[in-house]
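Right, one structure below, let's go through it.
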Amino acid sequence: MSAGTHAAAPRVGLRPGAVAVRDIHSFLADLGLDCDVNPCTAFVGAADPERLADLDAWQDFVRRLGLTQALADLLDVAEEDVVVTLAPQAGPVDGGVEELAERVSTYHNTHPLRLDEAVRLAYWPHANGGYVVFVKFSHLVVDGSDVVDLLRHIRAYARGETVGRIGARYRRHAATVERFARLPRADPAQVSRIHGDLPVPGRKGIPTISRSAQEWLPLREGVTFDELLSAVTAALLATTGGGLVLQYPYSRWEFATAGGYYVEIKPLVIRAESAADYTPGHFAETRRLQESLGRFTMSDLPDFATAFTAGRMPRVVVSDTTFMRPDPTLWRWIPVRSARVFEDLKFLADRSWPGPPLLRMQYKRGFLTPQAAAGLLDRLKQRIGASGASLGPAD
């Protein structure tokens, strides 16, 4: 393993069997979308300064987690050449959550991971005697469900605790990558027949990677993913009109506890004239049907690719797979903002224990005006917001 540097690294190609991460690799290698793709989080609290400062111990810890070998399973690079970064920052720093969020967000957006970099940990001494800690993972090997397990270990490591029995999640990563590639593939024509002709968008998407804004909404406890889809659909149709294609990430149960990225991005076609039909039950049935067709992701569907490019269908993602917040008795969470985004609009539900669940709405500034974004979020608040919740980031 090598320590991370800011020097540009040559493009690193994928191994032939790494079909699950082709799109992620393209976003990172071709579009430079680290800030919108690679999962990251930040938190502030008590930590062990000797543990934080020990580069050799950190690299060995990441190796034992299994992340360096996992990245080598996917990329044309040897495990000993996978980059693991420890980046101490000048301090002490001070301020509340908003000031710290600005600091870590600036760091995140100006320090992209290299393609051959598995994880980066940066930290700042805080004026109160604790530390601000920022962690960013390569999405090539870390998905939403992995984050819960990895961050639990990393936060314990940062506090100086003994961390045992790690690495089981990635122990069979290479074999799991091969197993995913062997899944039967869906017929793209059959998928297109299920969804029918694609509608004309009521508001066209922004065709370029653009600056982003974000808002937060505390969610009502117990809101299901299909209820979230139904609420987002109703709010969007009232805001933009016309047709839509929602995209959502799907992970098969047989890969749920395996470390790595095994996600298929699925479409949901929305027509304004059928607004009353988009109940939670409708989405549950539609998802069940298309998830039974075989392996496919959005980039496998030519009709949808044409709609997003020539037709400028807005790119809208709804996801229920983010778990970034720490135990509030040990750490204080710091939200991290992405400066540039690919999708026009994202709705990301974070159900980190012990809650409350939070919905992050991230959008291109050119796609929604501040007034339209506020109206959209208010409609969502009425449908699925927590009682008495206020709009804005959690403190």
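A note on labels: chains of the structure tokens are A, B, ... as shown, every chain counts residues from 1, and ligands are counted from 1 in their shown order.
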
Which neighbours of range 85-99 of chain A fall inside 6 Å, counting only C-alpha atoms, when residues of the same chain fewer than 2 positions from it are skipped, and could you give them as an MDAnalysis selection string? chainID A and resid 3:4 101:102 120:127 334

Would you mind listing, for every residue of range 214-287 of chain A within 12 Å of range 50-66 of chain A, the two atoms forming the shortest contact and the distance between them in Å to one decimal, using only C-alpha atoms, sorted by chain and ascending residue number, as CSV?
residue,atom,partner,partner_atom,distance
A:Ala258,CA,A:Gly66,CA,11.6
A:Gly259,CA,A:Gly66,CA,8.8
A:Gly260,CA,A:Gly66,CA,10.2

Got time to write the residues from that selection, N, CA and C atoms, as a short mmCIF file (atom, residue, chain, number, x, y, z; two decimals), in the first residue's frame?
data_model
loop_
_atom_site.label_atom_id
_atom_site.label_comp_id
_atom_site.auth_asym_id
_atom_site.auth_seq_id
_atom_site.Cartn_x
_atom_site.Cartn_y
_atom_site.Cartn_z
N ALA A 258 -22.66 -8.71 1.67
CA ALA A 258 -21.34 -8.84 1.06
C ALA A 258 -20.76 -7.46 0.82
N GLY A 259 -19.50 -7.26 1.22
CA GLY A 259 -18.87 -5.98 1.00
C GLY A 259 -18.65 -5.70 -0.48
N GLY A 260 -18.93 -4.47 -0.90
CA GLY A 260 -18.73 -4.09 -2.29
C GLY A 260 -19.96 -3.49 -2.91
#

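With distances restricted to only C-alpha atoms, A:Gly385 is the closest residue to Ala231 in chain A from A:Gly196, A:Gly385, A:Gly45, A:Pro326.
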
Of the listed residues A:Arg159, A:His139, A:Arg325, A:Arg114, that which approaches Val83 in chain A most closely, counting only C-alpha atoms: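 The shortest atom-to-atom distance to Val83 in chain A comes from A:Arg114.
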
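CA of Ser299 in chain A is found 21.4 Å from CA of Tyr363 in chain A.
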
For range 262-267 of chain A, work out the shell of residues within 7 Å, counting only C-alpha atoms and skipping chain neighbours fewer than 2 positions away, then give it as number ranges by chain. A: 20, 245-251, 255, 260, 269, 296-298

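Note that the spacing between CA of Ile24 in chain A and CA of Ser105 in chain A amounts to 21.3 Å.
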
Near Ala234 in chain A, within 8 Å and counting only C-alpha atoms, which residues show up once chain neighbours fewer than 4 positions away are dropped, as a list of chain:residue names?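 That gives A:Ser230, A:Ala238, A:Ala275, A:Tyr278.
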
I'd like to know which of A:His108, A:Lys364, A:Arg203, A:Arg165 is closest to Thr41 in chain A, using only C-alpha atoms. A:His108

Per residue of range 129-160 of chain A within 12 Å of range 337-352 of chain A, record the nearest atom pair and its distance in Å to one decimal, counting only C-alpha atoms, with rows in chain order and ascending residue number, as a tab-separated table.
residue	atom	partner	partner_atom	distance
A:Gly144	CA	A:Asp350	CA	9.9
A:Ser145	CA	A:Ser352	CA	10.9
A:Val147	CA	A:Ser352	CA	10.6
A:Val148	CA	A:Ser352	CA	8.4
A:Asp149	CA	A:Ser352	CA	11.8
A:Leu151	CA	A:Ser352	CA	11.6
A:Arg152	CA	A:Ser352	CA	11.6

Mind writing the picked residues with N, CA, C and O atoms as an mmCIF file, in the first residue's frame?
data_model
loop_
_atom_site.group_PDB
_atom_site.id
_atom_site.type_symbol
_atom_site.label_atom_id
_atom_site.label_comp_id
_atom_site.auth_asym_id
_atom_site.auth_seq_id
_atom_site.Cartn_x
_atom_site.Cartn_y
_atom_site.Cartn_z
ATOM 1 N N GLY A 144 -23.821 1.724 0.371
ATOM 2 C CA GLY A 144 -24.497 2.259 1.544
ATOM 3 C C GLY A 144 -24.530 1.312 2.727
ATOM 4 O O GLY A 144 -24.300 1.721 3.869
ATOM 5 N N SER A 145 -24.813 0.035 2.476
ATOM 6 C CA SER A 145 -24.888 -0.906 3.596
ATOM 7 C C SER A 145 -23.515 -1.181 4.194
ATOM 8 O O SER A 145 -23.396 -1.477 5.387
ATOM 9 N N VAL A 147 -21.231 1.059 4.597
ATOM 10 C CA VAL A 147 -20.835 2.231 5.368
ATOM 11 C C VAL A 147 -21.125 2.037 6.856
ATOM 12 O O VAL A 147 -20.326 2.427 7.712
ATOM 13 N N VAL A 148 -22.267 1.446 7.178
ATOM 14 C CA VAL A 148 -22.634 1.240 8.581
ATOM 15 C C VAL A 148 -21.556 0.438 9.297
ATOM 16 O O VAL A 148 -21.075 0.812 10.372
ATOM 17 N N ASP A 149 -21.147 -0.658 8.697
ATOM 18 C CA ASP A 149 -20.159 -1.542 9.295
ATOM 19 C C ASP A 149 -18.783 -0.881 9.349
ATOM 20 O O ASP A 149 -18.112 -0.876 10.393
ATOM 21 N N LEU A 151 -17.879 2.382 9.144
ATOM 22 C CA LEU A 151 -17.776 3.556 10.007
ATOM 23 C C LEU A 151 -17.814 3.186 11.485
ATOM 24 O O LEU A 151 -17.177 3.846 12.312
ATOM 25 N N ARG A 152 -18.546 2.146 11.832
ATOM 26 C CA ARG A 152 -18.548 1.693 13.230
ATOM 27 C C ARG A 152 -17.135 1.314 13.653
ATOM 28 O O ARG A 152 -16.669 1.671 14.739
#

Let me make sure I understand: among A:Val37, A:Phe180, A:Asp76, A:Arg332, which one has the smallest atom-to-atom distance to Ala256 in chain A if we use only C-alpha atoms?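 Ranked by minimum distance to Ala256 in chain A, first place goes to A:Phe180.
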
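Nearest residue to Pro302 in chain A, choosing from A:Ala189, A:Ile270, A:Ala276, A:Met324 and counting only C-alpha atoms: A:Ala189.
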
Point-to-point distance in Å for CA of Pro280 in chain A and CA of His195 in chain A: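 CA of Pro280 in chain A lies at a distance of 17.4 Å from CA of His195 in chain A.
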
Close residues, range 207-220 of chain A itself excluded, 9 Å, only C-alpha atoms, min 3 positions apart in chain, as a compact mmCIF listing (two decimals) with all heavy atoms, in the first residue's frame:
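Output contents, as saved in selection_2.txt:
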# COMPACT_ATOMS: atom_id res chain seq x y z
N LEU A 31 -15.81 11.62 -15.91
CA LEU A 31 -16.52 12.86 -15.57
C LEU A 31 -15.94 13.58 -14.35
O LEU A 31 -16.35 14.70 -14.05
CB LEU A 31 -18.00 12.56 -15.32
CG LEU A 31 -18.76 11.93 -16.48
CD1 LEU A 31 -20.21 11.67 -16.09
CD2 LEU A 31 -18.69 12.80 -17.73
N LEU A 33 -16.33 12.99 -11.12
CA LEU A 33 -17.44 13.26 -10.21
C LEU A 33 -17.22 12.68 -8.81
O LEU A 33 -18.17 12.24 -8.16
CB LEU A 33 -18.74 12.72 -10.80
CG LEU A 33 -19.45 13.68 -11.76
CD1 LEU A 33 -20.63 12.99 -12.43
CD2 LEU A 33 -19.92 14.92 -11.04
N LYS A 204 -37.42 20.40 -18.53
CA LYS A 204 -36.26 19.71 -19.06
C LYS A 204 -35.09 19.76 -18.08
O LYS A 204 -34.92 20.72 -17.33
CB LYS A 204 -35.85 20.31 -20.40
CG LYS A 204 -36.86 20.03 -21.51
CD LYS A 204 -36.34 20.43 -22.87
CE LYS A 204 -37.33 20.01 -23.96
NZ LYS A 204 -36.83 20.36 -25.31
N VAL A 223 -41.84 5.65 7.60
CA VAL A 223 -42.13 5.85 6.19
C VAL A 223 -41.39 4.80 5.37
O VAL A 223 -40.17 4.67 5.47
CB VAL A 223 -41.73 7.27 5.73
CG1 VAL A 223 -41.83 7.41 4.22
CG2 VAL A 223 -42.59 8.31 6.42
N PHE A 308 -32.79 10.79 -21.83
CA PHE A 308 -32.01 11.66 -20.95
C PHE A 308 -31.12 12.62 -21.73
O PHE A 308 -30.80 13.70 -21.25
CB PHE A 308 -31.15 10.83 -20.00
CG PHE A 308 -31.95 10.17 -18.91
CD1 PHE A 308 -31.87 8.80 -18.72
CD2 PHE A 308 -32.76 10.91 -18.08
CE1 PHE A 308 -32.59 8.18 -17.71
CE2 PHE A 308 -33.49 10.30 -17.07
CZ PHE A 308 -33.41 8.93 -16.89
N THR A 309 -30.70 12.22 -22.93
CA THR A 309 -29.79 13.07 -23.71
C THR A 309 -30.58 13.93 -24.70
O THR A 309 -30.74 15.14 -24.49
CB THR A 309 -28.76 12.21 -24.44
OG1 THR A 309 -29.41 11.18 -25.20
CG2 THR A 309 -27.81 11.55 -23.44
N ARG A 312 -33.74 15.34 -23.01
CA ARG A 312 -33.45 16.10 -21.78
C ARG A 312 -34.44 15.81 -20.66
O ARG A 312 -34.88 16.70 -19.94
CB ARG A 312 -33.37 17.59 -22.09
CG ARG A 312 -32.10 17.99 -22.81
CD ARG A 312 -32.00 19.47 -23.07
NE ARG A 312 -32.16 20.26 -21.85
CZ ARG A 312 -32.23 21.59 -21.86
NH1 ARG A 312 -32.17 22.25 -23.00
NH2 ARG A 312 -32.37 22.26 -20.73
N PRO A 314 -35.30 15.02 -17.12
CA PRO A 314 -34.50 15.29 -15.92
C PRO A 314 -34.09 13.99 -15.23
O PRO A 314 -34.82 13.01 -15.21
CB PRO A 314 -35.45 16.11 -15.04
CG PRO A 314 -36.81 15.85 -15.57
CD PRO A 314 -36.66 15.56 -17.03
N ARG A 337 -21.38 18.71 2.02
CA ARG A 337 -22.11 19.11 0.81
C ARG A 337 -21.26 18.85 -0.43
O ARG A 337 -20.06 19.10 -0.44
CB ARG A 337 -22.46 20.60 0.88
CG ARG A 337 -23.20 21.01 2.14
CD ARG A 337 -23.55 22.49 2.12
NE ARG A 337 -24.18 22.91 3.37
CZ ARG A 337 -23.55 23.52 4.36
NH1 ARG A 337 -22.26 23.80 4.24
NH2 ARG A 337 -24.20 23.87 5.46
N SER A 338 -21.92 18.39 -1.48
CA SER A 338 -21.26 18.20 -2.77
C SER A 338 -21.42 19.46 -3.61
O SER A 338 -22.53 19.98 -3.76
CB SER A 338 -21.88 17.02 -3.52
OG SER A 338 -21.78 15.83 -2.76
N ALA A 339 -20.32 19.96 -4.17
CA ALA A 339 -20.37 21.21 -4.93
C ALA A 339 -20.96 21.02 -6.31
O ALA A 339 -21.67 21.89 -6.82
CB ALA A 339 -18.96 21.80 -5.04
N ARG A 340 -20.67 19.87 -6.96
CA ARG A 340 -21.11 19.63 -8.34
C ARG A 340 -21.87 18.32 -8.39
O ARG A 340 -21.51 17.35 -7.72
CB ARG A 340 -19.90 19.58 -9.28
CG ARG A 340 -19.07 20.84 -9.30
CD ARG A 340 -17.67 20.61 -9.87
NE ARG A 340 -17.69 20.11 -11.23
CZ ARG A 340 -17.26 18.91 -11.62
NH1 ARG A 340 -16.80 18.05 -10.71
NH2 ARG A 340 -17.29 18.54 -12.87
N VAL A 341 -22.91 18.29 -9.21
CA VAL A 341 -23.75 17.10 -9.28
C VAL A 341 -24.06 16.73 -10.73
O VAL A 341 -24.06 17.58 -11.62
CB VAL A 341 -25.08 17.28 -8.50
CG1 VAL A 341 -24.82 17.33 -7.01
CG2 VAL A 341 -25.81 18.52 -8.96
N PHE A 342 -24.33 15.45 -10.93
CA PHE A 342 -24.69 14.93 -12.25
C PHE A 342 -26.20 14.92 -12.43
O PHE A 342 -26.72 15.37 -13.45
CB PHE A 342 -24.12 13.51 -12.41
CG PHE A 342 -24.45 12.85 -13.71
CD1 PHE A 342 -23.85 13.28 -14.88
CD2 PHE A 342 -25.35 11.80 -13.77
CE1 PHE A 342 -24.15 12.66 -16.10
CE2 PHE A 342 -25.65 11.18 -14.97
CZ PHE A 342 -25.05 11.61 -16.14
N GLU A 343 -26.92 14.40 -11.42
CA GLU A 343 -28.37 14.32 -11.51
C GLU A 343 -29.00 15.69 -11.23
O GLU A 343 -28.47 16.49 -10.47
CB GLU A 343 -28.94 13.30 -10.53
CG GLU A 343 -28.70 11.85 -10.93
CD GLU A 343 -27.38 11.32 -10.41
OE1 GLU A 343 -26.67 12.08 -9.71
OE2 GLU A 343 -27.05 10.16 -10.72
N ASP A 344 -30.16 15.94 -11.83
CA ASP A 344 -30.85 17.20 -11.61
C ASP A 344 -31.40 17.30 -10.20
O ASP A 344 -31.46 18.39 -9.61
CB ASP A 344 -32.00 17.35 -12.62
CG ASP A 344 -31.49 17.46 -14.04
OD1 ASP A 344 -31.04 18.56 -14.41
OD2 ASP A 344 -31.52 16.45 -14.77
N ALA A 349 -32.63 9.34 1.58
CA ALA A 349 -33.12 9.12 2.94
C ALA A 349 -32.00 8.52 3.80
O ALA A 349 -31.39 7.53 3.42
CB ALA A 349 -34.33 8.20 2.94
N PRO A 356 -33.47 11.02 14.31
CA PRO A 356 -34.62 10.70 13.47
C PRO A 356 -34.22 10.52 12.01
O PRO A 356 -33.15 10.99 11.61
CB PRO A 356 -35.51 11.96 13.63
CG PRO A 356 -34.52 13.06 13.83
CD PRO A 356 -33.41 12.47 14.65
N PRO A 357 -35.05 9.82 11.21
CA PRO A 357 -34.73 9.71 9.79
C PRO A 357 -34.74 11.10 9.14
O PRO A 357 -35.55 11.96 9.49
CB PRO A 357 -35.85 8.82 9.24
CG PRO A 357 -36.92 8.84 10.26
CD PRO A 357 -36.28 9.11 11.57
N LEU A 358 -33.82 11.31 8.21
CA LEU A 358 -33.69 12.59 7.52
C LEU A 358 -33.73 12.37 6.02
O LEU A 358 -33.17 11.39 5.51
CB LEU A 358 -32.36 13.26 7.87
CG LEU A 358 -32.20 13.90 9.25
CD1 LEU A 358 -30.77 14.40 9.42
CD2 LEU A 358 -33.18 15.05 9.41
N LEU A 359 -34.38 13.28 5.32
CA LEU A 359 -34.38 13.27 3.86
C LEU A 359 -33.52 14.43 3.37
O LEU A 359 -33.75 15.59 3.72
CB LEU A 359 -35.80 13.42 3.31
CG LEU A 359 -35.91 13.39 1.78
CD1 LEU A 359 -35.56 12.00 1.25
CD2 LEU A 359 -37.32 13.78 1.34
N ARG A 360 -32.53 14.11 2.56
CA ARG A 360 -31.68 15.13 1.95
C ARG A 360 -32.14 15.35 0.52
O ARG A 360 -32.18 14.41 -0.28
CB ARG A 360 -30.22 14.66 1.96
CG ARG A 360 -29.25 15.58 1.24
CD ARG A 360 -27.88 14.92 1.21
NE ARG A 360 -26.88 15.71 0.53
CZ ARG A 360 -25.67 15.28 0.22
NH1 ARG A 360 -25.32 14.04 0.54
NH2 ARG A 360 -24.81 16.06 -0.40
N MET A 361 -32.51 16.56 0.18
CA MET A 361 -32.89 16.92 -1.18
C MET A 361 -31.76 17.74 -1.80
O MET A 361 -31.46 18.83 -1.34
CB MET A 361 -34.19 17.71 -1.21
CG MET A 361 -34.71 17.96 -2.63
SD MET A 361 -36.29 18.86 -2.67
CE MET A 361 -35.70 20.56 -2.44
N GLN A 362 -31.13 17.18 -2.81
CA GLN A 362 -30.00 17.83 -3.47
C GLN A 362 -30.39 18.10 -4.92
O GLN A 362 -30.93 17.22 -5.59
CB GLN A 362 -28.78 16.92 -3.41
CG GLN A 362 -27.53 17.44 -4.08
CD GLN A 362 -26.37 16.49 -3.90
OE1 GLN A 362 -25.87 16.28 -2.81
NE2 GLN A 362 -25.93 15.88 -4.99
N TYR A 363 -30.13 19.29 -5.42
CA TYR A 363 -30.60 19.64 -6.76
C TYR A 363 -29.66 20.63 -7.43
O TYR A 363 -28.90 21.36 -6.78
CB TYR A 363 -32.01 20.24 -6.69
CG TYR A 363 -32.12 21.49 -5.84
CD1 TYR A 363 -32.04 22.77 -6.40
CD2 TYR A 363 -32.30 21.40 -4.45
CE1 TYR A 363 -32.14 23.90 -5.61
CE2 TYR A 363 -32.41 22.54 -3.66
CZ TYR A 363 -32.33 23.78 -4.25
OH TYR A 363 -32.42 24.91 -3.48
N LYS A 364 -29.71 20.63 -8.76
CA LYS A 364 -28.96 21.61 -9.54
C LYS A 364 -29.64 22.97 -9.39
O LYS A 364 -30.86 23.08 -9.53
CB LYS A 364 -28.92 21.20 -11.01
CG LYS A 364 -28.03 20.00 -11.30
CD LYS A 364 -28.05 19.66 -12.78
CE LYS A 364 -27.12 18.47 -13.08
NZ LYS A 364 -27.19 18.06 -14.50
N ARG A 365 -28.83 23.97 -9.15
CA ARG A 365 -29.38 25.32 -8.97
C ARG A 365 -30.12 25.80 -10.20
O ARG A 365 -31.05 26.59 -10.10
CB ARG A 365 -28.24 26.28 -8.61
CG ARG A 365 -27.57 25.99 -7.27
CD ARG A 365 -26.43 26.95 -7.01
NE ARG A 365 -25.71 26.63 -5.79
CZ ARG A 365 -26.02 27.09 -4.60
NH1 ARG A 365 -27.05 27.91 -4.46
NH2 ARG A 365 -25.31 26.76 -3.53
N GLY A 366 -29.72 25.33 -11.38
CA GLY A 366 -30.41 25.74 -12.60
C GLY A 366 -31.69 24.98 -12.87
O GLY A 366 -32.47 25.37 -13.75
N ALA A 373 -37.87 24.98 -4.97
CA ALA A 373 -37.33 23.97 -4.06
C ALA A 373 -38.05 24.02 -2.71
O ALA A 373 -38.38 22.98 -2.13
CB ALA A 373 -35.83 24.19 -3.88
N ALA A 374 -38.31 25.24 -2.22
CA ALA A 374 -39.00 25.38 -0.93
C ALA A 374 -40.42 24.82 -1.02
O ALA A 374 -40.90 24.15 -0.11
CB ALA A 374 -39.03 26.85 -0.51
N LEU A 377 -40.24 20.97 -1.11
CA LEU A 377 -39.94 20.41 0.21
C LEU A 377 -41.15 20.54 1.15
O LEU A 377 -41.42 19.65 1.97
CB LEU A 377 -38.73 21.11 0.80
CG LEU A 377 -37.91 20.31 1.82
CD1 LEU A 377 -37.32 19.06 1.18
CD2 LEU A 377 -36.80 21.15 2.42
N LEU A 380 -43.53 17.75 0.46
CA LEU A 380 -43.04 16.52 1.07
C LEU A 380 -43.24 16.52 2.58
O LEU A 380 -43.59 15.50 3.17
CB LEU A 380 -41.56 16.33 0.74
CG LEU A 380 -41.23 15.98 -0.70
CD1 LEU A 380 -39.73 16.05 -0.95
CD2 LEU A 380 -41.76 14.59 -1.06
N LYS A 381 -43.04 17.67 3.19
CA LYS A 381 -43.24 17.79 4.63
C LYS A 381 -44.68 17.44 5.01
O LYS A 381 -44.93 16.75 6.01
CB LYS A 381 -42.88 19.20 5.09
CG LYS A 381 -43.06 19.45 6.58
CD LYS A 381 -42.74 20.89 6.95
CE LYS A 381 -42.97 21.15 8.42
NZ LYS A 381 -42.71 22.55 8.79
N ILE A 384 -44.89 13.34 4.36
CA ILE A 384 -44.04 12.39 5.06
C ILE A 384 -43.13 13.02 6.11
O ILE A 384 -42.28 12.35 6.69
CB ILE A 384 -43.18 11.59 4.06
CG1 ILE A 384 -42.34 12.52 3.18
CG2 ILE A 384 -44.05 10.64 3.22
CD1 ILE A 384 -41.38 11.80 2.25
N GLY A 385 -43.29 14.33 6.35
CA GLY A 385 -42.44 15.00 7.32
C GLY A 385 -42.81 14.63 8.75
O GLY A 385 -43.96 14.30 9.05
N ALA A 386 -41.81 14.69 9.63
CA ALA A 386 -42.06 14.45 11.05
C ALA A 386 -42.93 15.55 11.62
O ALA A 386 -42.82 16.72 11.25
CB ALA A 386 -40.73 14.37 11.80
N SER A 387 -43.80 15.21 12.53
CA SER A 387 -44.71 16.18 13.15
C SER A 387 -43.90 17.25 13.88
O SER A 387 -43.02 16.95 14.69
CB SER A 387 -45.64 15.48 14.14
OG SER A 387 -46.46 16.41 14.79
N ALA A 389 -41.66 19.13 12.64
CA ALA A 389 -40.30 19.29 12.16
C ALA A 389 -40.13 20.60 11.42
O ALA A 389 -41.06 21.11 10.78
CB ALA A 389 -39.95 18.14 11.21
N SER A 390 -38.94 21.17 11.52
CA SER A 390 -38.62 22.38 10.78
C SER A 390 -37.71 22.01 9.61
O SER A 390 -36.97 21.05 9.67
CB SER A 390 -37.91 23.39 11.68
OG SER A 390 -36.72 22.83 12.20
N LEU A 391 -37.81 22.77 8.53
CA LEU A 391 -36.98 22.53 7.38
C LEU A 391 -35.57 23.00 7.68
O LEU A 391 -35.35 23.97 8.36
CB LEU A 391 -37.53 23.25 6.15
CG LEU A 391 -38.99 22.94 5.78
CD1 LEU A 391 -39.34 23.66 4.50
CD2 LEU A 391 -39.20 21.45 5.61
N GLY A 392 -34.58 22.30 7.13
CA GLY A 392 -33.19 22.73 7.30
C GLY A 392 -32.34 21.61 7.85
O GLY A 392 -32.86 20.56 8.25
N PRO A 393 -31.02 21.78 7.86
CA PRO A 393 -30.12 20.72 8.30
C PRO A 393 -30.27 20.45 9.79
O PRO A 393 -30.58 21.32 10.58
CB PRO A 393 -28.73 21.29 7.98
CG PRO A 393 -28.92 22.77 7.97
CD PRO A 393 -30.31 23.01 7.48
N ALA A 394 -30.03 19.20 10.14
CA ALA A 394 -30.05 18.82 11.55
C ALA A 394 -28.87 19.44 12.25
O ALA A 394 -27.78 19.54 11.71
CB ALA A 394 -30.02 17.30 11.69

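The neighbours of Glu79 in chain A here are the residues that come within 6 Å of it, using only C-alpha atoms and leaving out any residue fewer than 4 positions away in the same chain; they are A:Thr68, A:Gln69, A:Ala72.
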
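For range 271-274 of chain A, the list of residues within 6 Å, based on only C-alpha atoms and with local chain neighbours fewer than 2 positions off taken out, reads Gly242, Gly243, Ala276 and Asp277 of chain A.
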
Enumerate, as a PyMOL selection string, the complete set of residues in range 154-347 of chain A that a backbone-based DSSP assignment places in alpha helix (DSSP H). chain A and resi 154-158+173-181+188-195+225-240+280-291+302-309
